[in-house]
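Participant: Structure: input.cif, mmCIF, N, CA and C atoms.
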data_work
#
loop_
_atom_site.label_atom_id
_atom_site.label_comp_id
_atom_site.auth_asym_id
_atom_site.auth_seq_id
_atom_site.Cartn_x
_atom_site.Cartn_y
_atom_site.Cartn_z
N MET M 1243 94.65 128.20 91.84
CA MET M 1243 94.13 127.11 91.05
C MET M 1243 92.71 127.45 90.63
N ALA M 1244 92.40 127.32 89.39
CA ALA M 1244 91.11 127.72 88.85
C ALA M 1244 89.96 126.90 89.41
N SER M 1245 90.21 125.70 89.93
CA SER M 1245 89.15 124.83 90.42
C SER M 1245 88.58 125.29 91.76
N LEU M 1246 89.29 126.16 92.48
CA LEU M 1246 88.80 126.63 93.76
C LEU M 1246 87.90 127.84 93.57
N ARG M 1247 86.79 127.81 94.24
CA ARG M 1247 85.82 128.89 94.09
C ARG M 1247 86.08 130.02 95.09
N ASP M 1248 86.29 129.64 96.36
CA ASP M 1248 86.47 130.67 97.39
C ASP M 1248 86.96 130.04 98.69
N ASN M 1249 87.24 130.91 99.65
CA ASN M 1249 87.61 130.48 101.00
C ASN M 1249 86.58 130.99 102.00
N MET M 1250 85.32 131.03 101.57
CA MET M 1250 84.26 131.57 102.42
C MET M 1250 84.25 130.85 103.78
N GLY M 1251 84.23 131.64 104.83
CA GLY M 1251 84.21 131.11 106.18
C GLY M 1251 85.58 131.04 106.83
N LEU M 1252 86.64 131.21 106.04
CA LEU M 1252 87.98 131.17 106.60
C LEU M 1252 88.25 132.47 107.36
N LEU M 1253 88.69 132.34 108.59
CA LEU M 1253 88.99 133.50 109.41
C LEU M 1253 90.22 134.23 108.87
N LYS M 1254 90.36 135.48 109.28
CA LYS M 1254 91.53 136.27 108.90
C LYS M 1254 92.76 135.69 109.59
N GLN M 1255 93.85 135.61 108.85
CA GLN M 1255 95.10 135.08 109.39
C GLN M 1255 95.67 136.05 110.43
N PRO M 1256 96.26 135.52 111.50
CA PRO M 1256 96.86 136.42 112.50
C PRO M 1256 98.05 137.18 111.93
N ARG M 1257 98.22 138.42 112.36
CA ARG M 1257 99.33 139.25 111.86
C ARG M 1257 100.68 138.71 112.29
N LYS M 1258 100.74 138.21 113.52
CA LYS M 1258 101.98 137.66 114.05
C LYS M 1258 101.68 136.25 114.60
N PRO M 1259 101.62 135.27 113.71
CA PRO M 1259 101.24 133.92 114.16
C PRO M 1259 102.32 133.28 115.04
N ARG M 1260 101.87 132.47 115.98
CA ARG M 1260 102.79 131.70 116.83
C ARG M 1260 103.56 130.70 115.98
N PHE M 1261 102.87 130.09 115.04
CA PHE M 1261 103.46 129.15 114.09
C PHE M 1261 102.76 129.33 112.76
N LYS M 1262 103.47 128.97 111.68
CA LYS M 1262 102.89 129.03 110.34
C LYS M 1262 102.60 127.60 109.90
N THR M 1263 101.32 127.34 109.61
CA THR M 1263 100.92 126.00 109.21
C THR M 1263 100.24 126.04 107.84
N ALA M 1264 100.19 124.87 107.22
CA ALA M 1264 99.49 124.71 105.95
C ALA M 1264 98.60 123.49 106.04
N LEU M 1265 97.50 123.53 105.34
CA LEU M 1265 96.63 122.37 105.21
C LEU M 1265 96.69 121.97 103.74
N ALA M 1266 97.32 120.81 103.48
CA ALA M 1266 97.53 120.35 102.10
C ALA M 1266 96.37 119.47 101.65
N GLN M 1267 95.86 119.78 100.47
CA GLN M 1267 94.73 119.05 99.89
C GLN M 1267 95.07 118.68 98.45
N ILE M 1268 94.22 117.87 97.85
CA ILE M 1268 94.35 117.53 96.43
C ILE M 1268 92.99 117.72 95.79
N TYR M 1269 92.98 118.32 94.63
CA TYR M 1269 91.76 118.50 93.85
C TYR M 1269 91.87 117.58 92.63
N VAL M 1270 91.03 116.55 92.57
CA VAL M 1270 91.05 115.61 91.46
C VAL M 1270 90.27 116.24 90.31
N ARG M 1271 91.00 116.70 89.32
CA ARG M 1271 90.40 117.50 88.25
C ARG M 1271 89.39 116.74 87.41
N SER M 1272 89.45 115.41 87.40
CA SER M 1272 88.52 114.63 86.59
C SER M 1272 87.22 114.31 87.33
N GLN M 1273 87.11 114.69 88.59
CA GLN M 1273 85.94 114.36 89.40
C GLN M 1273 85.14 115.62 89.73
N PRO M 1274 83.81 115.48 89.80
CA PRO M 1274 82.98 116.64 90.17
C PRO M 1274 83.45 117.23 91.51
N TYR M 1275 83.57 118.53 91.57
CA TYR M 1275 84.01 119.27 92.76
C TYR M 1275 85.41 118.90 93.23
N GLY M 1276 86.12 118.05 92.49
CA GLY M 1276 87.47 117.66 92.88
C GLY M 1276 87.55 116.40 93.70
N GLY M 1277 86.43 115.72 93.87
CA GLY M 1277 86.38 114.47 94.64
C GLY M 1277 85.15 114.43 95.52
N SER M 1278 84.77 113.23 95.94
CA SER M 1278 83.56 113.07 96.74
C SER M 1278 83.68 113.68 98.13
N ASP M 1279 84.90 113.99 98.55
CA ASP M 1279 85.11 114.60 99.86
C ASP M 1279 85.15 116.12 99.81
N LYS M 1280 84.83 116.69 98.65
CA LYS M 1280 84.93 118.15 98.47
C LYS M 1280 83.55 118.81 98.44
N SER M 1281 83.56 120.05 98.85
CA SER M 1281 82.38 120.91 98.75
C SER M 1281 82.44 121.62 97.40
N SER M 1282 81.42 122.36 97.07
CA SER M 1282 81.38 123.04 95.78
C SER M 1282 82.47 124.10 95.63
N ASN M 1283 83.12 124.49 96.74
CA ASN M 1283 84.21 125.48 96.65
C ASN M 1283 85.56 124.84 96.32
N GLY M 1284 85.61 123.49 96.22
CA GLY M 1284 86.85 122.79 95.89
C GLY M 1284 87.68 122.36 97.08
N HIS M 1285 87.27 122.74 98.29
CA HIS M 1285 87.97 122.34 99.51
C HIS M 1285 87.26 121.13 100.12
N ARG M 1286 88.00 120.36 100.90
CA ARG M 1286 87.36 119.31 101.70
C ARG M 1286 86.36 119.98 102.64
N TYR M 1287 85.34 119.22 103.00
CA TYR M 1287 84.31 119.77 103.88
C TYR M 1287 84.88 120.24 105.21
N ASP M 1288 85.93 119.59 105.69
CA ASP M 1288 86.49 119.94 107.00
C ASP M 1288 87.69 120.88 106.93
N SER M 1289 88.09 121.32 105.74
CA SER M 1289 89.29 122.16 105.62
C SER M 1289 89.15 123.51 106.31
N ILE M 1290 88.06 124.20 106.07
CA ILE M 1290 87.87 125.53 106.68
C ILE M 1290 87.80 125.41 108.21
N PRO M 1291 87.02 124.45 108.77
CA PRO M 1291 87.02 124.32 110.23
C PRO M 1291 88.39 123.95 110.81
N PHE M 1292 89.14 123.06 110.13
CA PHE M 1292 90.50 122.74 110.59
C PHE M 1292 91.34 124.01 110.63
N ALA M 1293 91.35 124.76 109.53
CA ALA M 1293 92.16 125.97 109.44
C ALA M 1293 91.73 127.00 110.49
N ASN M 1294 90.43 127.15 110.68
CA ASN M 1294 89.94 128.11 111.67
C ASN M 1294 90.35 127.72 113.09
N GLY M 1295 90.41 126.44 113.37
CA GLY M 1295 90.88 125.98 114.67
C GLY M 1295 92.33 126.39 114.90
N MET M 1296 93.14 126.25 113.87
CA MET M 1296 94.55 126.66 113.97
C MET M 1296 94.64 128.18 114.15
N ILE M 1297 93.85 128.92 113.38
CA ILE M 1297 93.85 130.38 113.46
C ILE M 1297 93.39 130.83 114.85
N ASN M 1298 92.34 130.20 115.37
CA ASN M 1298 91.86 130.55 116.72
C ASN M 1298 92.90 130.26 117.80
N ALA M 1299 93.83 129.35 117.52
CA ALA M 1299 94.90 129.03 118.47
C ALA M 1299 96.11 129.94 118.27
N GLY M 1300 95.99 130.94 117.40
CA GLY M 1300 97.06 131.90 117.21
C GLY M 1300 98.07 131.54 116.12
N MET M 1301 97.75 130.54 115.34
CA MET M 1301 98.63 130.13 114.25
C MET M 1301 98.02 130.55 112.92
N SER M 1302 98.85 130.74 111.92
CA SER M 1302 98.31 130.93 110.58
C SER M 1302 98.08 129.55 109.98
N CYS M 1303 97.17 129.46 109.04
CA CYS M 1303 96.92 128.19 108.36
C CYS M 1303 96.49 128.48 106.92
N GLN M 1304 97.40 128.20 106.01
CA GLN M 1304 97.14 128.43 104.59
C GLN M 1304 96.58 127.16 103.96
N LEU M 1305 95.56 127.30 103.16
CA LEU M 1305 94.99 126.17 102.44
C LEU M 1305 95.74 126.04 101.12
N ILE M 1306 96.46 124.93 100.94
CA ILE M 1306 97.24 124.74 99.72
C ILE M 1306 96.82 123.44 99.04
N HIS M 1307 96.94 123.42 97.72
CA HIS M 1307 96.58 122.24 96.95
C HIS M 1307 97.80 121.68 96.23
N TYR M 1308 97.94 120.36 96.32
CA TYR M 1308 99.02 119.68 95.62
C TYR M 1308 98.61 119.45 94.17
N VAL M 1309 99.45 119.90 93.26
CA VAL M 1309 99.26 119.69 91.82
C VAL M 1309 100.53 118.98 91.36
N HIS M 1310 100.40 117.74 90.94
CA HIS M 1310 101.60 116.94 90.68
C HIS M 1310 102.51 117.54 89.62
N GLN M 1311 101.97 118.32 88.68
CA GLN M 1311 102.82 118.96 87.67
C GLN M 1311 103.69 120.06 88.29
N GLU M 1312 103.33 120.51 89.49
CA GLU M 1312 104.07 121.56 90.19
C GLU M 1312 104.70 121.02 91.48
N HIS M 1313 105.11 119.75 91.44
CA HIS M 1313 105.63 119.06 92.62
C HIS M 1313 106.78 119.84 93.28
N VAL M 1314 107.77 120.22 92.52
CA VAL M 1314 108.94 120.91 93.08
C VAL M 1314 108.53 122.24 93.70
N LYS M 1315 107.72 123.00 93.00
CA LYS M 1315 107.26 124.30 93.51
C LYS M 1315 106.44 124.12 94.80
N PHE M 1316 105.58 123.10 94.82
CA PHE M 1316 104.75 122.83 96.00
C PHE M 1316 105.64 122.62 97.23
N PHE M 1317 106.67 121.79 97.08
CA PHE M 1317 107.52 121.51 98.24
C PHE M 1317 108.46 122.66 98.57
N GLU M 1318 108.76 123.52 97.61
CA GLU M 1318 109.50 124.75 97.94
C GLU M 1318 108.64 125.63 98.83
N VAL M 1319 107.35 125.73 98.52
CA VAL M 1319 106.42 126.50 99.34
C VAL M 1319 106.29 125.87 100.73
N CYS M 1320 106.22 124.54 100.78
CA CYS M 1320 106.06 123.85 102.06
C CYS M 1320 107.22 124.12 103.02
N ARG M 1321 108.38 124.43 102.50
CA ARG M 1321 109.55 124.72 103.35
C ARG M 1321 109.34 125.96 104.22
N ASN M 1322 108.35 126.77 103.89
CA ASN M 1322 108.10 128.01 104.62
C ASN M 1322 107.19 127.83 105.84
N PHE M 1323 106.73 126.61 106.06
CA PHE M 1323 105.80 126.36 107.16
C PHE M 1323 106.48 125.62 108.30
N ASP M 1324 105.92 125.78 109.49
CA ASP M 1324 106.38 125.05 110.66
C ASP M 1324 105.75 123.66 110.72
N ALA M 1325 104.56 123.54 110.13
CA ALA M 1325 103.83 122.27 110.16
C ALA M 1325 102.89 122.20 108.96
N ILE M 1326 102.64 120.97 108.53
CA ILE M 1326 101.74 120.72 107.41
C ILE M 1326 100.73 119.65 107.83
N ILE M 1327 99.46 119.97 107.70
CA ILE M 1327 98.39 119.00 107.93
C ILE M 1327 98.02 118.43 106.57
N VAL M 1328 98.18 117.13 106.40
CA VAL M 1328 97.91 116.49 105.11
C VAL M 1328 96.49 115.95 105.12
N ARG M 1329 95.67 116.47 104.20
CA ARG M 1329 94.27 116.05 104.09
C ARG M 1329 94.00 115.57 102.66
N CYS M 1330 94.79 114.61 102.22
CA CYS M 1330 94.63 114.02 100.89
C CYS M 1330 94.15 112.59 101.06
N ASN M 1331 92.94 112.29 100.60
CA ASN M 1331 92.42 110.94 100.72
C ASN M 1331 93.27 109.95 99.93
N PRO M 1332 93.44 108.74 100.47
CA PRO M 1332 94.19 107.72 99.73
C PRO M 1332 93.62 107.52 98.32
N GLY M 1333 94.50 107.48 97.36
CA GLY M 1333 94.10 107.26 95.97
C GLY M 1333 93.83 108.51 95.18
N GLN M 1334 93.66 109.65 95.82
CA GLN M 1334 93.32 110.86 95.08
C GLN M 1334 94.50 111.44 94.31
N ILE M 1335 95.70 111.33 94.84
CA ILE M 1335 96.87 111.85 94.10
C ILE M 1335 97.03 111.05 92.81
N LYS M 1336 96.90 109.73 92.91
CA LYS M 1336 96.98 108.88 91.72
C LYS M 1336 95.82 109.18 90.76
N ALA M 1337 94.62 109.37 91.30
CA ALA M 1337 93.45 109.65 90.46
C ALA M 1337 93.63 110.94 89.67
N ASP M 1338 94.43 111.86 90.18
CA ASP M 1338 94.69 113.12 89.47
C ASP M 1338 95.89 113.02 88.55
N GLY M 1339 96.50 111.82 88.48
CA GLY M 1339 97.63 111.62 87.58
C GLY M 1339 98.99 111.70 88.26
N GLY M 1340 99.00 111.89 89.57
CA GLY M 1340 100.25 112.03 90.30
C GLY M 1340 100.76 110.71 90.84
N ASP M 1341 101.86 110.78 91.56
CA ASP M 1341 102.54 109.62 92.13
C ASP M 1341 102.54 109.75 93.65
N GLN M 1342 101.77 108.91 94.34
CA GLN M 1342 101.66 108.97 95.79
C GLN M 1342 103.02 108.82 96.47
N GLN M 1343 103.84 107.91 95.95
CA GLN M 1343 105.17 107.69 96.55
C GLN M 1343 106.03 108.96 96.48
N LYS M 1344 105.97 109.66 95.34
CA LYS M 1344 106.73 110.90 95.17
C LYS M 1344 106.25 111.96 96.17
N PHE M 1345 104.93 112.06 96.34
CA PHE M 1345 104.36 112.99 97.30
C PHE M 1345 104.82 112.63 98.72
N ASP M 1346 104.70 111.34 99.07
CA ASP M 1346 105.09 110.88 100.40
C ASP M 1346 106.57 111.15 100.65
N ASP M 1347 107.41 110.90 99.65
CA ASP M 1347 108.84 111.17 99.80
C ASP M 1347 109.09 112.65 100.03
N GLY M 1348 108.33 113.50 99.37
CA GLY M 1348 108.44 114.95 99.60
C GLY M 1348 108.08 115.32 101.02
N MET M 1349 107.04 114.69 101.57
CA MET M 1349 106.65 114.96 102.95
C MET M 1349 107.70 114.42 103.92
N ARG M 1350 108.30 113.29 103.59
CA ARG M 1350 109.38 112.76 104.44
C ARG M 1350 110.55 113.75 104.47
N GLU M 1351 110.83 114.37 103.33
CA GLU M 1351 111.90 115.38 103.28
C GLU M 1351 111.56 116.58 104.18
N MET M 1352 110.28 116.96 104.21
CA MET M 1352 109.87 118.06 105.08
C MET M 1352 110.16 117.70 106.54
N ARG M 1353 109.86 116.46 106.90
CA ARG M 1353 110.12 116.02 108.28
C ARG M 1353 111.62 116.07 108.60
N LYS M 1354 112.44 115.69 107.63
CA LYS M 1354 113.89 115.74 107.84
C LYS M 1354 114.38 117.17 108.07
N LEU M 1355 113.65 118.14 107.50
CA LEU M 1355 113.99 119.55 107.69
C LEU M 1355 113.47 120.10 109.03
N GLY M 1356 112.77 119.27 109.78
CA GLY M 1356 112.23 119.70 111.07
C GLY M 1356 110.82 120.24 110.99
N ILE M 1357 110.19 120.11 109.83
CA ILE M 1357 108.80 120.57 109.66
C ILE M 1357 107.88 119.41 110.05
N GLN M 1358 106.97 119.69 110.96
CA GLN M 1358 106.02 118.66 111.37
C GLN M 1358 105.05 118.35 110.23
N VAL M 1359 104.75 117.08 110.04
CA VAL M 1359 103.79 116.64 109.02
C VAL M 1359 102.80 115.72 109.72
N TRP M 1360 101.52 116.10 109.68
CA TRP M 1360 100.46 115.33 110.35
C TRP M 1360 99.39 114.92 109.36
N PRO M 1361 99.06 113.67 109.18
CA PRO M 1361 99.86 112.55 109.64
C PRO M 1361 101.06 112.36 108.72
N SER M 1362 102.08 111.73 109.26
CA SER M 1362 103.27 111.49 108.44
C SER M 1362 102.95 110.39 107.42
N PRO M 1363 103.66 110.35 106.31
CA PRO M 1363 103.42 109.31 105.31
C PRO M 1363 103.56 107.90 105.90
N ASP M 1364 104.49 107.73 106.83
CA ASP M 1364 104.69 106.41 107.42
C ASP M 1364 103.50 105.99 108.27
N VAL M 1365 102.92 106.92 108.99
CA VAL M 1365 101.72 106.61 109.77
C VAL M 1365 100.59 106.21 108.82
N MET M 1366 100.42 106.96 107.75
CA MET M 1366 99.36 106.65 106.78
C MET M 1366 99.60 105.29 106.12
N GLU M 1367 100.85 104.99 105.84
CA GLU M 1367 101.17 103.73 105.17
C GLU M 1367 100.98 102.53 106.08
N PHE M 1368 101.46 102.64 107.32
CA PHE M 1368 101.43 101.50 108.23
C PHE M 1368 100.20 101.43 109.12
N MET M 1369 99.48 102.53 109.22
CA MET M 1369 98.27 102.53 110.03
C MET M 1369 97.28 103.49 109.38
N GLY M 1370 96.55 103.01 108.41
CA GLY M 1370 95.58 103.83 107.71
C GLY M 1370 94.64 104.52 108.67
N ALA M 1371 94.03 105.59 108.24
CA ALA M 1371 93.21 106.43 109.12
C ALA M 1371 92.11 105.64 109.82
N LYS M 1372 91.40 104.80 109.11
CA LYS M 1372 90.31 104.06 109.73
C LYS M 1372 90.86 102.97 110.65
N ASP M 1373 91.96 102.33 110.25
CA ASP M 1373 92.59 101.34 111.12
C ASP M 1373 93.10 101.99 112.40
N ALA M 1374 93.57 103.22 112.29
CA ALA M 1374 94.13 103.91 113.45
C ALA M 1374 93.08 104.04 114.55
N LEU M 1375 91.84 104.33 114.20
CA LEU M 1375 90.79 104.47 115.20
C LEU M 1375 90.58 103.16 115.96
N CYS M 1376 90.64 102.05 115.26
CA CYS M 1376 90.49 100.74 115.90
C CYS M 1376 91.69 100.43 116.78
N LYS M 1377 92.88 100.78 116.32
CA LYS M 1377 94.10 100.44 117.05
C LYS M 1377 94.29 101.28 118.31
N VAL M 1378 93.71 102.47 118.36
CA VAL M 1378 93.86 103.30 119.56
C VAL M 1378 92.61 103.28 120.45
N ALA M 1379 91.62 102.46 120.11
CA ALA M 1379 90.36 102.45 120.84
C ALA M 1379 90.54 102.20 122.33
N THR M 1380 91.47 101.34 122.71
CA THR M 1380 91.64 101.00 124.12
C THR M 1380 92.69 101.86 124.83
N LEU M 1381 93.31 102.79 124.11
CA LEU M 1381 94.27 103.69 124.74
C LEU M 1381 93.54 104.86 125.41
N ASN M 1382 94.26 105.64 126.19
CA ASN M 1382 93.65 106.79 126.87
C ASN M 1382 93.00 107.78 125.91
N ILE M 1383 93.54 107.86 124.68
CA ILE M 1383 93.02 108.81 123.70
C ILE M 1383 91.91 108.23 122.85
N GLY M 1384 91.62 106.95 122.98
CA GLY M 1384 90.65 106.27 122.11
C GLY M 1384 89.26 106.19 122.70
N LEU M 1385 88.34 105.73 121.88
CA LEU M 1385 86.96 105.50 122.30
C LEU M 1385 86.60 104.04 121.99
N GLU M 1386 86.14 103.31 123.01
CA GLU M 1386 85.81 101.91 122.83
C GLU M 1386 84.36 101.74 122.42
N ASP M 1387 84.04 101.98 121.16
CA ASP M 1387 82.66 101.75 120.72
C ASP M 1387 82.59 101.09 119.41
#
Take the structure in the file and give it back as structure tokens.
Facilitator:
Amino acid sequence: MASLRDNMGLLKQPRKPRFKTALAQIYVRSQPYGGSDKSSNGHRYDSIPFANGMINAGMSCQLIHYVHQEHVKFFEVCRNFDAIIVRCNPGQIKADGGDQQKFDDGMREMRKLGIQVWPSPDVMEFMGAKDALCKVATLNIGLED
């Protein structure tokens, strides 16, 4: 995609990864840098650290961008991964001219194929990211502050 500048800071992928993962992002072409959550390289600020964490754990992690005009091709590529980390802010797929429901349905299909999707579209729909922090605050994994 022409909007991406580089993958500076991304570690080398392992030759024989334990699992193959992808980090899915969206670049909103009408917004500077692809959205307010992006760095000048076109990736989310946390994409390289997320991917490097996966790589350090012995997994590969490819940074991929959803382009709604290439919906079918995108999900054909996704079939090659064991897991997909979805890092698309709410509203950005629509802001780029795409259909959030179509994207979510594609991710649901990946789950049906046995490919892990984090977070799943249903989790995002029924428990938005910021709401999730409040809802798990009193659980063992949460922070009460």
Participant: Nearest to Arg1271 (chain M) among M:Met1366, M:Leu1355, M:Ala1337, M:Leu1381, with distances taken over only C-alpha atoms: which residue is it?
Facilitator: M:Ala1337
Participant: Counting only C-alpha atoms, figure out which residue out of M:Val1314, M:Ile1306, M:Ala1299, M:Ile1290 gets nearest to Lys1344 (chain M).
Facilitator: M:Val1314
Participant: Please expand the PyMOL selection byres ((chain M and resi 1263) around 5) into the concrete residues it hits in this file, giving the result as a PyMOL selection string.
Facilitator: chain M and resi 1261-1262+1264-1265+1302-1304+1324-1325
Participant: Once the PyMOL selection byres (((chain M and resi 1289 and name CA) around 10) and name CA) is applied to the coordinates I shared, what remains selected? I want it as a PyMOL selection string.
Facilitator: chain M and resi 1249+1252+1265-1267+1280-1281+1285-1288+1290-1295+1305+1327+1329
Participant: Counting only C-alpha atoms, which residue out of M:Ile1326, M:Ser1278, M:Asn1298, M:Asp1364 sits closest to Asp1346 (chain M)?
Facilitator: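 The closest residue to Asp1346 (chain M) is M:Asp1364.
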Participant: I'd like to know which residues of region 1243-1357 of chain M are helix (DSSP H, G or I) (by DSSP, run on the backbone); could you write them as a PyMOL selection string?
Facilitator: chain M and resi 1274-1276+1289-1298+1310-1320+1334-1337+1342-1354
Participant: May I have the protein, DNA and RNA residues with any atom at most 8 Å from the point (98.9, 115.3, 98.5), counting only N, CA and C atoms, written as a list in words?
Facilitator: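 Using only N, CA and C atoms, the matching residues come out as Ala1266, Gln1267, Ile1268, Tyr1269, His1307, Tyr1308, Val1309, Val1328, Arg1329, Cys1330, Asn1331, Gln1334, Ile1335, Gln1342, Phe1345 and Asp1346 of chain M.
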Participant: Just give me the gap between atom C of Arg1321 (chain M) and atom C of Gly1348 (chain M) in Å, one decimal is fine.
Facilitator: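 One can read the atom C of Arg1321 (chain M) to atom C of Gly1348 (chain M) distance as 11.2 Å.
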Participant: Going by DSSP on the backbone, which residues of region 1297-1379 of chain M come out as strand (DSSP E)? List them as a PyMOL selection string.
Facilitator: chain M and resi 1302-1308+1325-1328+1358-1360
Participant: For the atom pair CA of Gly1339 (chain M) and atom C of Gly1276 (chain M), what is the interatomic distance in Å to one decimal place?
Facilitator: 12.7 Å
Participant: Any idea what the distance is between CA of Ile1297 (chain M) and atom N of Met1250 (chain M)?
Facilitator: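 If I compute the distance from CA of Ile1297 (chain M) to atom N of Met1250 (chain M), I get 14.6 Å.
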Participant: Go through M:Asp1341, M:Gln1358, M:Arg1257, M:Phe1317 and flag the residue nearest Met1301 (chain M), using only N, CA and C atoms for the distances.
Facilitator: M:Arg1257
Participant: Given only C-alpha atoms as the basis, pick out the residue of M:Glu1318, M:Asp1248, M:Glu1367, M:Glu1351 nearest to Pro1332 (chain M).
Facilitator: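 Closest to Pro1332 (chain M), using only C-alpha atoms: M:Glu1367.
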